[in-house]
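**Q** Supplied structure: my_file-v3.txt, compact mmCIF, C-alpha atoms.
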# COMPACT_ATOMS: atom_id res chain seq x y z
CA MET A 2 -99.80 220.16 -0.59
CA ASN A 3 -99.94 216.57 -1.67
CA PHE A 4 -100.04 214.19 1.29
CA SER A 5 -99.74 210.44 1.03
CA CYS A 6 -102.52 208.14 2.27
CA GLU A 7 -100.72 207.69 5.58
CA SER A 8 -100.56 211.46 6.08
CA ARG A 9 -104.24 211.86 5.30
CA VAL A 10 -105.07 209.21 7.87
CA LEU A 11 -103.00 211.00 10.48
CA TYR A 12 -104.51 214.35 9.52
CA ALA A 13 -108.02 212.94 9.76
CA SER A 14 -107.29 211.64 13.24
CA GLY A 15 -106.21 215.11 14.38
CA SER A 16 -102.45 214.72 14.64
CA ARG A 17 -101.02 216.27 11.50
CA PRO A 18 -97.33 215.45 11.13
CA ALA A 19 -94.76 218.02 10.15
CA ARG A 20 -93.42 217.70 6.62
CA LYS A 21 -90.08 216.23 7.71
CA ASN A 22 -91.82 213.77 10.02
CA THR A 23 -94.13 212.39 7.31
CA ALA A 24 -91.74 209.55 6.56
CA MET A 25 -91.54 208.67 10.26
CA ALA A 26 -95.35 208.75 10.54
CA ALA A 27 -95.70 206.54 7.47
CA LEU A 28 -93.20 204.08 8.91
CA SER A 29 -95.11 204.06 12.20
CA LEU A 30 -98.39 203.38 10.41
CA PHE A 31 -96.75 200.63 8.36
CA SER A 32 -95.50 198.98 11.56
CA LYS A 33 -98.92 199.20 13.17
CA ALA A 34 -100.55 197.72 10.06
CA ARG A 35 -98.05 194.84 10.07
CA VAL A 36 -98.75 194.10 13.73
CA LEU A 37 -102.50 194.25 13.06
CA ARG A 38 -102.14 191.92 10.07
CA SER A 39 -100.20 189.36 12.11
CA THR A 40 -102.78 189.60 14.91
CA VAL A 41 -105.59 189.01 12.42
CA GLY A 42 -103.64 186.09 10.96
CA ARG A 43 -103.24 184.56 14.42
CA ARG A 44 -106.95 185.01 15.11
CA ALA A 45 -107.82 183.30 11.82
CA ALA A 46 -105.48 180.43 12.64
CA SER A 47 -106.95 180.20 16.12
CA GLY A 48 -110.46 180.20 14.67
CA ALA A 49 -109.47 177.48 12.18
CA ASN A 50 -108.00 175.37 14.99
CA ASN A 51 -111.16 175.73 17.04
CA TYR A 52 -113.26 174.82 14.01
CA VAL A 53 -111.32 171.64 13.20
CA THR A 54 -111.36 170.56 16.84
CA ASP A 55 -115.13 171.00 16.98
CA LEU A 56 -115.56 169.24 13.63
CA VAL A 57 -113.62 166.19 14.79
CA LYS A 58 -115.44 166.21 18.13
CA LYS A 59 -118.84 166.28 16.41
CA HIS A 60 -118.22 163.71 13.65
CA ASP A 61 -115.39 161.49 14.93
CA TYR A 62 -115.68 161.49 18.71
CA GLU A 63 -113.46 158.43 19.30
CA HIS A 64 -110.55 160.04 17.49
CA TYR A 65 -111.27 163.33 19.24
CA LEU A 66 -110.74 161.63 22.61
CA THR A 67 -107.61 159.90 21.35
CA LEU A 68 -106.13 163.12 19.99
CA LEU A 69 -106.54 164.81 23.35
CA LEU A 70 -103.93 162.37 24.69
CA LEU A 71 -101.29 163.60 22.24
CA PRO A 72 -98.65 166.10 23.32
CA THR A 73 -99.74 169.69 22.75
CA SER A 74 -97.06 170.20 20.10
CA ALA A 75 -98.56 167.50 17.86
CA ARG A 76 -102.23 167.97 18.69
CA ARG A 77 -103.04 170.82 16.29
CA ALA A 78 -101.55 169.03 13.30
CA ALA A 79 -103.33 165.80 14.19
CA PHE A 80 -106.66 167.59 14.49
CA ALA A 81 -106.09 169.23 11.09
CA VAL A 82 -105.43 165.88 9.40
CA ARG A 83 -108.41 164.23 11.12
CA ALA A 84 -110.64 167.16 10.11
CA PHE A 85 -109.45 166.76 6.51
CA ASN A 86 -110.42 163.09 6.75
CA VAL A 87 -113.82 164.00 8.22
CA GLU A 88 -114.45 166.49 5.40
CA LEU A 89 -113.65 163.80 2.83
CA ALA A 90 -115.78 161.20 4.60
CA MET A 91 -118.77 163.54 4.77
CA ILE A 92 -118.86 164.15 1.01
CA ARG A 93 -120.93 161.06 0.35
CA SER A 94 -123.49 161.79 3.04
CA LEU A 95 -123.81 165.51 2.24
CA VAL A 96 -124.38 165.39 -1.50
CA SER A 97 -127.30 163.88 -3.36
CA ASP A 98 -125.82 164.18 -6.85
CA LYS A 99 -122.64 162.35 -7.85
CA THR A 100 -121.49 165.35 -9.90
CA ILE A 101 -121.54 167.59 -6.83
CA GLY A 102 -119.52 164.97 -4.95
CA LYS A 103 -116.93 164.97 -7.72
CA MET A 104 -116.83 168.77 -7.55
CA ARG A 105 -116.11 168.61 -3.82
CA ILE A 106 -113.35 166.07 -4.38
CA LYS A 107 -111.91 168.35 -7.08
CA PHE A 108 -112.07 171.25 -4.62
CA TRP A 109 -109.98 169.30 -2.09
CA ARG A 110 -107.53 168.15 -4.76
CA ASP A 111 -107.06 171.76 -5.90
CA THR A 112 -106.84 172.90 -2.28
CA LEU A 113 -103.97 170.49 -1.63
CA ASP A 114 -102.19 171.82 -4.72
CA ASN A 115 -102.75 175.40 -3.55
CA ILE A 116 -101.53 174.66 -0.04
CA TYR A 117 -98.23 173.34 -1.37
CA ASN A 118 -97.84 175.87 -4.21
CA THR A 119 -99.49 179.16 -3.32
CA ALA A 120 -102.08 179.74 -0.64
CA PRO A 121 -105.18 177.78 0.37
CA PRO A 122 -108.70 179.14 0.15
CA HIS A 123 -110.10 180.75 3.27
CA GLN A 124 -111.69 177.57 4.53
CA PRO A 125 -110.94 176.59 8.16
CA VAL A 126 -109.86 173.01 7.46
CA ALA A 127 -107.61 174.16 4.62
CA LEU A 128 -106.03 176.85 6.81
CA ALA A 129 -105.42 174.41 9.67
CA LEU A 130 -104.04 171.83 7.24
CA ARG A 131 -101.66 174.41 5.76
CA GLU A 132 -100.38 175.22 9.24
CA ALA A 133 -99.90 171.50 9.98
CA ILE A 134 -98.05 170.99 6.70
CA ARG A 135 -95.83 174.00 7.38
CA THR A 136 -94.94 173.03 10.94
CA LYS A 137 -94.79 169.23 10.67
CA LYS A 138 -93.52 168.92 7.08
CA LEU A 139 -96.31 166.59 5.94
CA SER A 140 -95.83 165.21 2.45
CA LYS A 141 -98.25 166.00 -0.34
CA GLN A 142 -98.11 162.38 -1.48
CA TRP A 143 -99.42 161.14 1.88
CA LEU A 144 -102.38 163.54 1.89
CA THR A 145 -103.15 162.78 -1.76
CA ARG A 146 -103.21 159.05 -0.93
CA LEU A 147 -105.68 159.80 1.86
CA LEU A 148 -107.86 161.67 -0.64
CA ASP A 149 -107.59 158.89 -3.23
CA ALA A 150 -108.51 156.23 -0.66
CA ARG A 151 -111.65 158.16 0.25
CA VAL A 152 -112.55 158.61 -3.42
CA ASN A 153 -112.14 154.89 -4.13
CA ARG A 154 -114.39 154.01 -1.17
CA GLN A 155 -117.10 156.42 -2.23
CA CYS A 156 -117.30 155.66 -5.95
What is this structure when it is put down as structure tokens?
**A**
Amino acid sequence: MNFSCESRVLYASGSRPARKNTAMAALSLFSKARVLRSTVGRRAASGANNYVTDLVKKHDYEHYLTLLLLPTSARRAAFAVRAFNVELAMIRSLVSDKTIGKMRIKFWRDTLDNIYNTAPPHQPVALALREAIRTKKLSKQWLTRLLDARVNRQC
């Protein structure tokens, strides 16, 4: 007998499906996996939102207090944009070599391209920014101008 991966998983857990119910069991496992994947995705987004909130609170406290006054529907996106700004502002203070600073700027430039074209890297600010772009329809040009302004100040 040749069982599929889903059948082997069910067999290993002790509930071996009948041959005609294998398709139903596979469909059930697929549904559970999809629910699990969406739950993990929500946890990652929640973790990213917590991270950007803490980042802004730690490095830009005045804006943190101001953002708390925003309506809840706009707050997450605003924290994502402010965290992006904090990340860009910290480049100069975090790096000792100008080449490393340029590499970080290149990372954020590529990250913006990936957010709009494919998928961002698994970095909390990038994930929160992608969610803000998706929900609030932020333009790539605006975020690129923010990046360019930071680059011009730092060079």
**Q** What does the distance between CA of His60 in chain A and CA of Arg151 in chain A come to in Å, to one decimal place?
**A** 15.9 Å
**Q** Work out how far apart CA of Glu63 in chain A and CA of Arg76 in chain A are and give it in Å to one decimal.
**A**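 Between CA of Glu63 in chain A and CA of Arg76 in chain A the gap works out to 14.7 Å.
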**Q** How many Å separate CA of Ala129 in chain A from CA of Ala150 in chain A?
**A**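 Taking CA of Ala129 in chain A as the start and CA of Ala150 in chain A as the end point, the length is 21.1 Å.
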**Q** Report as JSON the centre and the edge lengths, in Å to one decimal, of the axis-aligned box holding every listed atom of range 135-149 of chain A, padded by 3 Å on each side.
**A**
{"center_x": -100.7, "center_y": 166.4, "center_z": 3.9, "size_x": 20.3, "size_y": 21.1, "size_z": 20.2}
**Q** Just the residues within 10 Å of range 109-111 of chain A, please, counting all atoms listed in the file, with nothing from its chain fewer than 5 positions along; format it as a PyMOL selection string.
**A** chain A and resi 85+88-89+103-104+116+121-122+127+144-145+148-149
**Q** Grab the residues selected above and save them as an mmCIF file, in the coordinates of the input with C-alpha atoms.
**A**
data_model
loop_
_atom_site.group_PDB
_atom_site.id
_atom_site.type_symbol
_atom_site.label_atom_id
_atom_site.label_comp_id
_atom_site.auth_asym_id
_atom_site.auth_seq_id
_atom_site.Cartn_x
_atom_site.Cartn_y
_atom_site.Cartn_z
ATOM 1 C CA PHE A 85 -109.450 166.760 6.510
ATOM 2 C CA GLU A 88 -114.450 166.490 5.400
ATOM 3 C CA LEU A 89 -113.650 163.800 2.830
ATOM 4 C CA LYS A 103 -116.930 164.970 -7.720
ATOM 5 C CA MET A 104 -116.830 168.770 -7.550
ATOM 6 C CA ILE A 116 -101.530 174.660 -0.040
ATOM 7 C CA PRO A 121 -105.180 177.780 0.370
ATOM 8 C CA PRO A 122 -108.700 179.140 0.150
ATOM 9 C CA ALA A 127 -107.610 174.160 4.620
ATOM 10 C CA LEU A 144 -102.380 163.540 1.890
ATOM 11 C CA THR A 145 -103.150 162.780 -1.760
ATOM 12 C CA LEU A 148 -107.860 161.670 -0.640
ATOM 13 C CA ASP A 149 -107.590 158.890 -3.230
#
**Q** Counting only C-alpha atoms, which residue out of A:Val126, A:Asp98, A:Ser47, A:Leu69 sits closest to Asn86 in chain A?
**A**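 Selected residue with least distance to Asn86 in chain A: A:Val126.
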**Q** List as a list of chain:residue names the residues having at least one atom at most 8 Å from position (-109.2, 173.3, 14.9) as given in the file, counting all atoms listed in the file.
**A**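 Within 8 Å of (-109.2, 173.3, 14.9), the protein and nucleic acid residues are A:Ser47, A:Gly48, A:Ala49, A:Asn50, A:Asn51, A:Tyr52, A:Val53, A:Thr54, A:Asp55, A:Leu56, A:Arg77, A:Phe80, A:Ala81, A:Ala84, A:Pro125, A:Val126, A:Ala129.
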